[in-house]
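Here is model_8.pdb, consisting of PDB, C-alpha atoms:
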ATOM      1  CA  MET A1001     -57.549 -73.922  66.292
ATOM      2  CA  ASN A1002     -56.674 -74.768  62.717
ATOM      3  CA  SER A1003     -58.125 -77.881  61.180
ATOM      4  CA  ILE A1004     -55.710 -80.747  60.791
ATOM      5  CA  SER A1005     -55.214 -82.930  57.792
ATOM      6  CA  ILE A1006     -52.535 -85.417  56.992
ATOM      7  CA  ASN A1007     -52.783 -86.140  53.306
ATOM      8  CA  PRO A1008     -50.257 -88.661  52.028
ATOM      9  CA  GLY A1009     -49.670 -87.967  48.379
ATOM     10  CA  HIS A1010     -52.315 -85.186  48.144
ATOM     11  CA  THR A1011     -50.532 -82.216  46.631
ATOM     12  CA  ARG A1012     -51.202 -78.796  45.239
ATOM     13  CA  ASP A1013     -49.822 -77.984  41.812
ATOM     14  CA  CYS A1014     -46.970 -75.948  43.262
ATOM     15  CA  ASP A1015     -45.895 -78.583  45.812
ATOM     16  CA  VAL A1016     -43.871 -80.595  43.298
ATOM     17  CA  TYR A1017     -42.115 -77.451  42.049
ATOM     18  CA  PHE A1018     -41.034 -76.371  45.529
ATOM     19  CA  MET A1019     -40.064 -79.921  46.530
ATOM     20  CA  LYS A1020     -37.792 -80.077  43.501
ATOM     21  CA  ARG A1021     -36.143 -76.898  44.771
ATOM     22  CA  ALA A1022     -35.739 -78.559  48.183
ATOM     23  CA  LEU A1023     -34.105 -81.524  46.428
ATOM     24  CA  VAL A1024     -31.546 -79.156  44.877
ATOM     25  CA  GLN A1025     -30.780 -77.913  48.381
ATOM     26  CA  ALA A1026     -30.423 -81.521  49.588
ATOM     27  CA  GLN A1027     -27.915 -82.140  46.821
ATOM     28  CA  LEU A1028     -25.900 -79.170  48.085
ATOM     29  CA  ALA A1029     -25.792 -80.829  51.514
ATOM     30  CA  GLU A1030     -24.654 -84.076  49.938
ATOM     31  CA  SER A1031     -21.896 -82.248  48.047
ATOM     32  CA  ILE A1032     -20.316 -81.241  51.369
ATOM     33  CA  ALA A1033     -20.842 -84.684  52.969
ATOM     34  CA  GLU A1034     -23.835 -83.609  55.067
ATOM     35  CA  VAL A1035     -26.946 -85.791  55.275
ATOM     36  CA  PRO A1036     -28.846 -84.732  52.136
ATOM     37  CA  VAL A1037     -31.849 -82.863  53.474
ATOM     38  CA  GLY A1038     -33.069 -79.660  51.859
ATOM     39  CA  ALA A1039     -35.765 -77.164  52.777
ATOM     40  CA  VAL A1040     -37.615 -74.265  51.176
ATOM     41  CA  MET A1041     -39.868 -71.753  52.958
ATOM     42  CA  VAL A1042     -42.663 -70.176  50.902
ATOM     43  CA  ASP A1043     -45.225 -67.515  51.778
ATOM     44  CA  GLN A1044     -48.918 -67.702  50.898
ATOM     45  CA  SER A1045     -48.370 -65.967  47.552
ATOM     46  CA  GLY A1046     -45.710 -68.479  46.490
ATOM     47  CA  ARG A1047     -42.726 -66.221  47.151
ATOM     48  CA  ILE A1048     -39.661 -68.105  48.318
ATOM     49  CA  LEU A1049     -38.559 -66.686  51.656
ATOM     50  CA  ALA A1050     -35.595 -68.994  52.267
ATOM     51  CA  GLU A1051     -33.822 -72.099  51.032
ATOM     52  CA  SER A1052     -31.370 -74.173  53.022
ATOM     53  CA  TYR A1053     -29.797 -77.555  53.593
ATOM     54  CA  ASN A1054     -28.339 -79.552  56.465
ATOM     55  CA  GLN A1055     -25.127 -78.026  57.831
ATOM     56  CA  THR A1056     -24.679 -79.642  61.246
ATOM     57  CA  ILE A1057     -21.133 -80.821  60.505
ATOM     58  CA  ARG A1058     -20.022 -77.697  58.633
ATOM     59  CA  LEU A1059     -21.295 -75.369  61.371
ATOM     60  CA  ASN A1060     -20.552 -77.678  64.329
ATOM     61  CA  ASP A1061     -24.153 -77.079  65.345
ATOM     62  CA  PRO A1062     -26.600 -79.888  66.185
ATOM     63  CA  THR A1063     -29.494 -77.512  65.451
ATOM     64  CA  ALA A1064     -28.326 -76.666  61.913
ATOM     65  CA  HIS A1065     -30.943 -78.835  60.241
ATOM     66  CA  ALA A1066     -32.226 -77.629  56.873
ATOM     67  CA  GLU A1067     -35.607 -76.793  58.419
ATOM     68  CA  ILE A1068     -34.201 -74.720  61.288
ATOM     69  CA  LEU A1069     -31.886 -72.768  58.990
ATOM     70  CA  ALA A1070     -34.766 -72.066  56.603
ATOM     71  CA  LEU A1071     -37.052 -70.980  59.459
ATOM     72  CA  ARG A1072     -34.374 -68.611  60.795
ATOM     73  CA  ALA A1073     -33.790 -67.083  57.373
ATOM     74  CA  ALA A1074     -37.524 -66.688  56.696
ATOM     75  CA  GLY A1075     -37.975 -65.011  60.074
ATOM     76  CA  ALA A1076     -35.231 -62.544  59.172
ATOM     77  CA  VAL A1077     -36.894 -61.793  55.817
ATOM     78  CA  LEU A1078     -40.305 -61.229  57.432
ATOM     79  CA  GLY A1079     -38.968 -59.518  60.553
ATOM     80  CA  ASN A1080     -40.992 -61.854  62.734
ATOM     81  CA  TYR A1081     -40.576 -65.257  64.361
ATOM     82  CA  ARG A1082     -44.206 -66.030  63.605
ATOM     83  CA  LEU A1083     -44.287 -67.335  60.076
ATOM     84  CA  LEU A1084     -48.041 -67.281  59.610
ATOM     85  CA  ASN A1085     -49.531 -68.572  56.353
ATOM     86  CA  THR A1086     -46.251 -70.100  55.205
ATOM     87  CA  THR A1087     -45.323 -73.541  53.952
ATOM     88  CA  LEU A1088     -42.132 -75.452  54.652
ATOM     89  CA  TYR A1089     -41.051 -77.909  51.980
ATOM     90  CA  VAL A1090     -38.519 -80.452  53.208
ATOM     91  CA  THR A1091     -37.195 -83.600  51.611
ATOM     92  CA  VAL A1092     -37.419 -85.693  54.805
ATOM     93  CA  GLU A1093     -40.012 -85.718  57.582
ATOM     94  CA  PRO A1094     -38.989 -83.201  60.270
ATOM     95  CA  CYS A1095     -37.634 -84.435  63.601
ATOM     96  CA  ALA A1096     -39.023 -83.425  67.012
ATOM     97  CA  MET A1097     -36.746 -80.364  67.245
ATOM     98  CA  CYS A1098     -37.795 -79.129  63.814
ATOM     99  CA  MET A1099     -41.503 -79.825  64.344
ATOM    100  CA  GLY A1100     -41.301 -77.994  67.663
ATOM    101  CA  ALA A1101     -39.907 -74.976  65.824
ATOM    102  CA  VAL A1102     -42.613 -75.299  63.153
ATOM    103  CA  ILE A1103     -45.305 -75.172  65.826
ATOM    104  CA  HIS A1104     -43.685 -72.223  67.614
ATOM    105  CA  ALA A1105     -43.444 -70.359  64.312
ATOM    106  CA  ARG A1106     -47.084 -71.214  63.524
ATOM    107  CA  LEU A1107     -46.552 -72.479  59.996
ATOM    108  CA  LYS A1108     -49.681 -73.284  58.042
ATOM    109  CA  ARG A1109     -48.284 -76.318  56.209
ATOM    110  CA  VAL A1110     -45.344 -78.706  56.105
ATOM    111  CA  VAL A1111     -44.855 -80.667  52.911
ATOM    112  CA  PHE A1112     -42.265 -83.423  52.993
ATOM    113  CA  GLY A1113     -40.995 -86.105  50.697
ATOM    114  CA  VAL A1114     -40.165 -89.221  52.658
ATOM    115  CA  HIS A1115     -41.063 -90.458  56.138
ATOM    116  CA  ASP A1116     -38.327 -90.890  58.744
ATOM    117  CA  PRO A1117     -39.126 -94.026  60.761
ATOM    118  CA  LYS A1118     -36.387 -93.306  63.325
ATOM    119  CA  TRP A1119     -36.764 -89.584  64.002
ATOM    120  CA  GLY A1120     -39.932 -88.346  62.304
ATOM    121  CA  ALA A1121     -42.260 -86.118  64.307
ATOM    122  CA  ALA A1122     -44.891 -85.455  61.649
ATOM    123  CA  GLY A1123     -46.506 -88.878  61.717
ATOM    124  CA  SER A1124     -43.825 -91.581  61.919
ATOM    125  CA  VAL A1125     -42.449 -91.765  65.469
ATOM    126  CA  TYR A1126     -44.383 -88.795  66.865
ATOM    127  CA  ASN A1127     -47.168 -86.694  65.442
ATOM    128  CA  PHE A1128     -46.781 -83.162  66.711
ATOM    129  CA  SER A1129     -49.144 -81.845  64.054
ATOM    130  CA  THR A1130     -52.227 -83.469  65.567
ATOM    131  CA  ASP A1131     -51.416 -83.087  69.254
ATOM    132  CA  ASP A1132     -54.132 -80.787  70.582
ATOM    133  CA  ARG A1133     -52.061 -80.020  73.677
ATOM    134  CA  PHE A1134     -50.084 -77.596  71.497
ATOM    135  CA  ASN A1135     -51.547 -74.157  70.826
ATOM    136  CA  HIS A1136     -51.149 -74.589  67.058
ATOM    137  CA  GLN A1137     -51.571 -77.400  64.582
ATOM    138  CA  THR A1138     -49.922 -77.528  61.174
ATOM    139  CA  GLU A1139     -51.279 -79.254  58.094
ATOM    140  CA  ILE A1140     -48.979 -82.066  56.957
ATOM    141  CA  ILE A1141     -48.639 -83.302  53.383
ATOM    142  CA  SER A1142     -46.333 -86.273  52.839
ATOM    143  CA  GLY A1143     -45.037 -88.232  49.883
ATOM    144  CA  VAL A1144     -44.279 -85.362  47.498
ATOM    145  CA  CYS A1145     -41.439 -86.477  45.180
ATOM    146  CA  ALA A1146     -40.988 -89.371  47.602
ATOM    147  CA  GLU A1147     -38.989 -91.574  45.245
ATOM    148  CA  ALA A1148     -36.421 -88.868  44.482
ATOM    149  CA  CYS A1149     -36.136 -87.929  48.172
ATOM    150  CA  ARG A1150     -35.749 -91.570  49.208
ATOM    151  CA  ASP A1151     -33.202 -92.322  46.476
ATOM    152  CA  LEU A1152     -31.030 -89.395  47.522
ATOM    153  CA  LEU A1153     -30.908 -90.630  51.127
ATOM    154  CA  VAL A1154     -30.479 -94.307  50.292
ATOM    155  CA  ASN A1155     -27.629 -93.618  47.873
ATOM    156  CA  PHE A1156     -25.920 -91.274  50.339
ATOM    157  CA  PHE A1157     -25.958 -93.808  53.190
ATOM    158  CA  ARG A1158     -25.090 -96.694  50.894
ATOM    159  CA  ALA A1159     -21.966 -94.809  49.769
ATOM    160  CA  LYS A1160     -21.054 -93.938  53.363
ATOM    161  CA  ARG A1161     -21.345 -97.558  54.488
ATOM    162  CA  LYS A1162     -19.513 -98.974  51.503
ATOM    163  CA  LYS A1163     -16.200-100.399  52.600
ATOM    164  CA  PRO A1164     -13.108 -99.196  50.758
ATOM    165  CA  THR A1165     -11.700-101.769  48.365
TER     166      THR A1165
END

Now, as a test, write the supplied structure out as structure tokens.
Amino acid sequence: MNSISINPGHTRDCDVYFMKRALVQAQLAESIAEVPVGAVMVDQSGRILAESYNQTIRLNDPTAHAEILALRAAGAVLGNYRLLNTTLYVTVEPCAMCMGAVIHARLKRVVFGVHDPKWGAAGSVYNFSTDDRFNHQTEIISGVCAEACRDLLVNFFRAKRKKPT
């Protein structure tokens, strides 16, 4: 089995670049009133395989999270559901559904911006990445561009909760 490491704030040089691309995707979600979460799938050579954003409302699909849409698109590009030696960049910690898909797809790494204390399954509520009952473990890097990721979410929900004057 792969070795596991959860490295808050420990990034590779390219992690910030790809997280900034995920933030652009999150802004696209926000522009259509979806929860602003963006994702980018990258292969081991740094080639972008897919980019996506939350579209659960637009598509009337509870599984249309940014991560799932990016995994589907990357699988189509590679012609395989196993996305070996790939990295998923996502602005918010993946939920249980998304981490389950990450494990099934056998991703090497997940890099996310901000923890999700209500739904997170990469260290906050659950930690799928270190559960040795699964046949695959994924390296988790958290805290990349955390302030920008957090600000996007906080401002989105603040605006949604603001009462009309």

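Interatomic distance, atom CA of Asp1116 of chain A to atom CA of Glu1093 of chain A: 5.6 Å.
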
What does the PyMOL selection byres ((chain A and resi 1051) around 9) select in this file, as a PyMOL selection string? chain A and resi 1021-1022+1025+1038-1041+1048-1050+1052-1053+1066-1067+1069-1070+1073-1074

Residues near Gly1046 of chain A, cut-off 12 Å, only C-alpha atoms, skip fewer than 4 positions along chain, as a PyMOL selection string: chain A and resi 1012-1015+1017-1018+1040-1042+1050+1085-1089

Would you export the selected residues with C-alpha atoms as a compact mmCIF listing (two decimals), keeping the file's coordinate frame, please?
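As a result, selection.txt now contains:
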# COMPACT_ATOMS: atom_id res chain seq x y z
CA ARG A 1012 -51.20 -78.80 45.24
CA ASP A 1013 -49.82 -77.98 41.81
CA CYS A 1014 -46.97 -75.95 43.26
CA ASP A 1015 -45.90 -78.58 45.81
CA TYR A 1017 -42.12 -77.45 42.05
CA PHE A 1018 -41.03 -76.37 45.53
CA VAL A 1040 -37.62 -74.26 51.18
CA MET A 1041 -39.87 -71.75 52.96
CA VAL A 1042 -42.66 -70.18 50.90
CA ALA A 1050 -35.60 -68.99 52.27
CA ASN A 1085 -49.53 -68.57 56.35
CA THR A 1086 -46.25 -70.10 55.20
CA THR A 1087 -45.32 -73.54 53.95
CA LEU A 1088 -42.13 -75.45 54.65
CA TYR A 1089 -41.05 -77.91 51.98

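One finds atom CA of Val1110 of chain A at 5.0 Å from atom CA of Ile1140 of chain A.
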
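If you measure from each of A:Val1016, A:Ile1141, A:Val1035, A:Cys1095 to Ala1159 of chain A using only C-alpha atoms, the closest one turns out to be A:Val1035.
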
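Residue selection for this entry, given the PyMOL selection byres ((chain A and resi 1144-1149) around 8), comprises A:Gly1009, A:Thr1011, A:Asp1015, A:Val1016, A:Met1019, A:Lys1020, A:Leu1023, A:Thr1091, A:Val1092, A:Val1111, A:Phe1112, A:Gly1113, A:Val1114, A:Ile1141, A:Ser1142, A:Gly1143, A:Arg1150, A:Asp1151, A:Leu1152, A:Leu1153.
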
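The two atoms in question, atom CA of Ala1121 of chain A and atom CA of Lys1160 of chain A, are spaced 25.1 Å apart.
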
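This file, queried with the PyMOL selection byres ((chain A and resi 1128) around 10), gives the residues Cys1095, Ala1096, Met1099, Gly1100, Val1102, Ile1103, Gly1120, Ala1121, Ala1122, Gly1123, Val1125, Tyr1126, Asn1127, Ser1129, Thr1130, Asp1131, Asp1132, Arg1133, Phe1134, His1136, Gln1137 and Thr1138 of chain A.
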
Closest to Leu1078 of chain A among A:Arg1058, A:Ala1101, A:Pro1094, A:Asp1043, using only C-alpha atoms? A:Asp1043

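Among the candidates A:Ile1057, A:Arg1106, A:Arg1047, A:Leu1028, the residue lying nearest to Leu1071 of chain A is A:Arg1106 (atoms considered: all atoms listed in the file).
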